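*Asks:* First the structure, then my questions, so here it is.
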Amino acid sequence: MKYIDLRSDTVTKPSPEMRKFMMEAEVGDDVFGEDPTVNKLQEMVAEILGKESALFVPSGVMGNQTSIKAHTEPGDEVIVEAESHIMNYETAAPSMLSGVQLYPIQGKNGVITVEQIKRAVRPKAYYMPRTRLICLENTHNRAGGTIFPIEEIKKIREFALENGIKMHLDGARLWNACVATGISPKEYAQYFDSVLVCLSKGLGAPVGSVVAGDREFIEKVRKYRKIFGGGMRQVGILAAAGIYALQHNIERLKEDHEKAKFFAQEISKIPVFDINLETVQTNIVIIGVEKTGKTPDEILKVLKENGVLLSSGSYMKIRAVTHLDVSMEEVKQAVEIFFKLFA
Ligand SMILES: *Cc1c(COP(=O)(O)O)cnc(C)c1O
């Protein structure tokens with residue numbers, strides 16, 4: 001059976017054009033810094049984000065964790081949003097790899113305010129953890145692809161600078177925020193000491209993320225990437241997919257946003273589902289299933305039997321994500337299947 005796969009924007013497969021571009025990539029040993037295609041990708045991303053330097057890493061998690069490691073010392077505290085990827089989907093890595101404590105703040109749709117952060121920062125006392133880093137997520141995965149308002153980021157940055165606190169952006173889907181708002185990646189990135197972006201989500205590359213920051217910071221990240229086992233060799237083949245993705249697949253994200261909006265509007269007409277349409281700002285739709293009287297797993301199973309794949313979200317929620325391998329036509333078919341099963 002061919003499924004309509006709305007589980008994640010990571011399920012995309014490299015297109016024939018992308019594969020051709022990968023095949024023709026010049027390569028070298030990247031642990032020696034000699035892979036020209038990796039170097040080119042890193043320069044491209046540094047330029048796009050307005051940073052001095054950038055580093056290719058195998059995954060978004062490695063990008064976040066090497067950044068946390070490079071910014072902190074054991075015993076430091078890192079402020080995160082309670083529903084963030086770093087808090088929920090990175091297997092407690094900050095405690096294991098960096099020996100830091102996370103301080104989760106409950107946001108609204110993934111957004112925390114400078115006022116909340118002010119209350120979370122520790123006074124300088126030897127018997128308290130040192131607040132060292134604030135991590136923000138844009139767009140916010142678990143909140144449903146929501147955009148972090150740049151005005152709030154600006155205020156948080158001013159406060160962080162006054163208090164000697166670093167800032168890291170988990171921008172796995174920063175591209176989606178940029179396309180939805182018209183704000184450039186550079187405009188967002190200027191407020192952060194480090195930025196992680198993914199190439200393997202909406203952009204359709206099979207592997208890869210990039211961390212950007214100043215030169216000294218990136219040299220530290222390079223060391224931790226090696227320590228965490230992410231030093232790779234002739235990896236220009238993968239970097240080429242990233243270059244191709246950056247050149248061809250950013251603008252088209254708006255199609256994914258249109259598909260998600262359409263899907264959300266239609267599904268919200270089914271009385272047993274709860275969707276907050278306000279949060280459908282990019283390519284993710286979170287659907288509350290409590291009123292169906294079924295568990296998320298039961299709903300997912302019925303959908304699968306009828307050819308549609310979704311994934312589970314937080315408590316009593318399921319999630320649909322649009323991406324470049326699912327057409328508007330297929331989204332319409334998925335809507336029909338939802339109506340047939342649940343309306
Ligand atoms: C997917 C994701 C990551 C991690 O990416 P992987 O490549 O799967 O390790 C980090 N942050 C956010 C917000 C994500 O959605």
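The way I read the labels, and the way they are meant: chains A, B, ... in the order of the structure tokens, residue 1 as the first residue of every chain, and ligand 1 as the first ligand shown, with later ones counted on from there.
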Can you tell me which residues sit at most 10 Å away from ligand 1, counting only C-alpha atoms and all ligand atoms, written as a PyMOL selection string?

*Replies:* chain A and resi 8-10+57-65+83-90+136-142+145+169-174+196-201+206-209

*Asks:* Write out as a list in words which residues come within 6 Å of A:Leu133 when counting only C-alpha atoms, dropping same-chain ones fewer than 3 positions away.

*Replies:*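 Listing them by chain and then by number gives Val78, Ile165, Lys166 and Met167 of chain A.
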
*Asks:* For A:Glu266, work out the shell of residues within 12 Å, counting only C-alpha atoms and skipping chain neighbours fewer than 4 positions away, then give it as a ChimeraX atom specification.

*Replies:* /A:259-262,270-271,273-275,277,285,287,331-339,343

*Asks:* Could you please write out, as a short mmCIF file (atom, residue, chain, number, x, y, z; two decimals) with C-alpha atoms, in the first residue's frame, every residue of stretch 121-211 of chain A that DSSP assigns to strand (DSSP E)?

*Replies:*
```cif
data_model
loop_
_atom_site.label_atom_id
_atom_site.label_comp_id
_atom_site.auth_asym_id
_atom_site.auth_seq_id
_atom_site.Cartn_x
_atom_site.Cartn_y
_atom_site.Cartn_z
CA ARG A 130 25.12 29.63 37.19
CA THR A 131 22.61 30.57 34.48
CA ARG A 132 24.79 30.31 31.42
CA LEU A 133 22.66 29.77 28.34
CA ILE A 134 19.15 30.39 26.96
CA CYS A 135 17.94 28.09 24.16
CA LEU A 136 15.00 29.13 21.99
CA GLU A 137 13.32 27.04 19.28
CA LYS A 166 24.69 33.21 25.94
CA MET A 167 21.91 32.41 23.51
CA HIS A 168 21.48 29.37 21.24
CA LEU A 169 18.82 28.98 18.57
CA ASP A 170 17.46 25.54 17.80
CA GLY A 171 16.52 26.49 14.26
CA SER A 194 25.00 30.06 18.02
CA VAL A 195 22.42 28.77 15.56
CA LEU A 196 21.57 25.22 14.54
CA VAL A 197 19.81 24.64 11.23
CA CYS A 198 18.71 21.31 9.71
CA SER A 209 22.64 19.89 10.04
CA VAL A 210 24.89 22.90 10.43
CA VAL A 211 25.93 24.91 13.49
#
```

*Asks:* Need to verify the contact set: A:Glu73, 12 Å, only C-alpha atoms, exclusion of same-chain residues closer than 3 positions in sequence. Can you return it as an NGL selection string?

*Replies:* :A and (67-70 or 76-78 or 94-95 or 97-101 or 129-133)

*Asks:* Quote the spacing between atom CA of A:Glu81 and atom CA of A:Ala177 in Å to one decimal place.

*Replies:*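 Distance reported for this atom pair: 17.6 Å.
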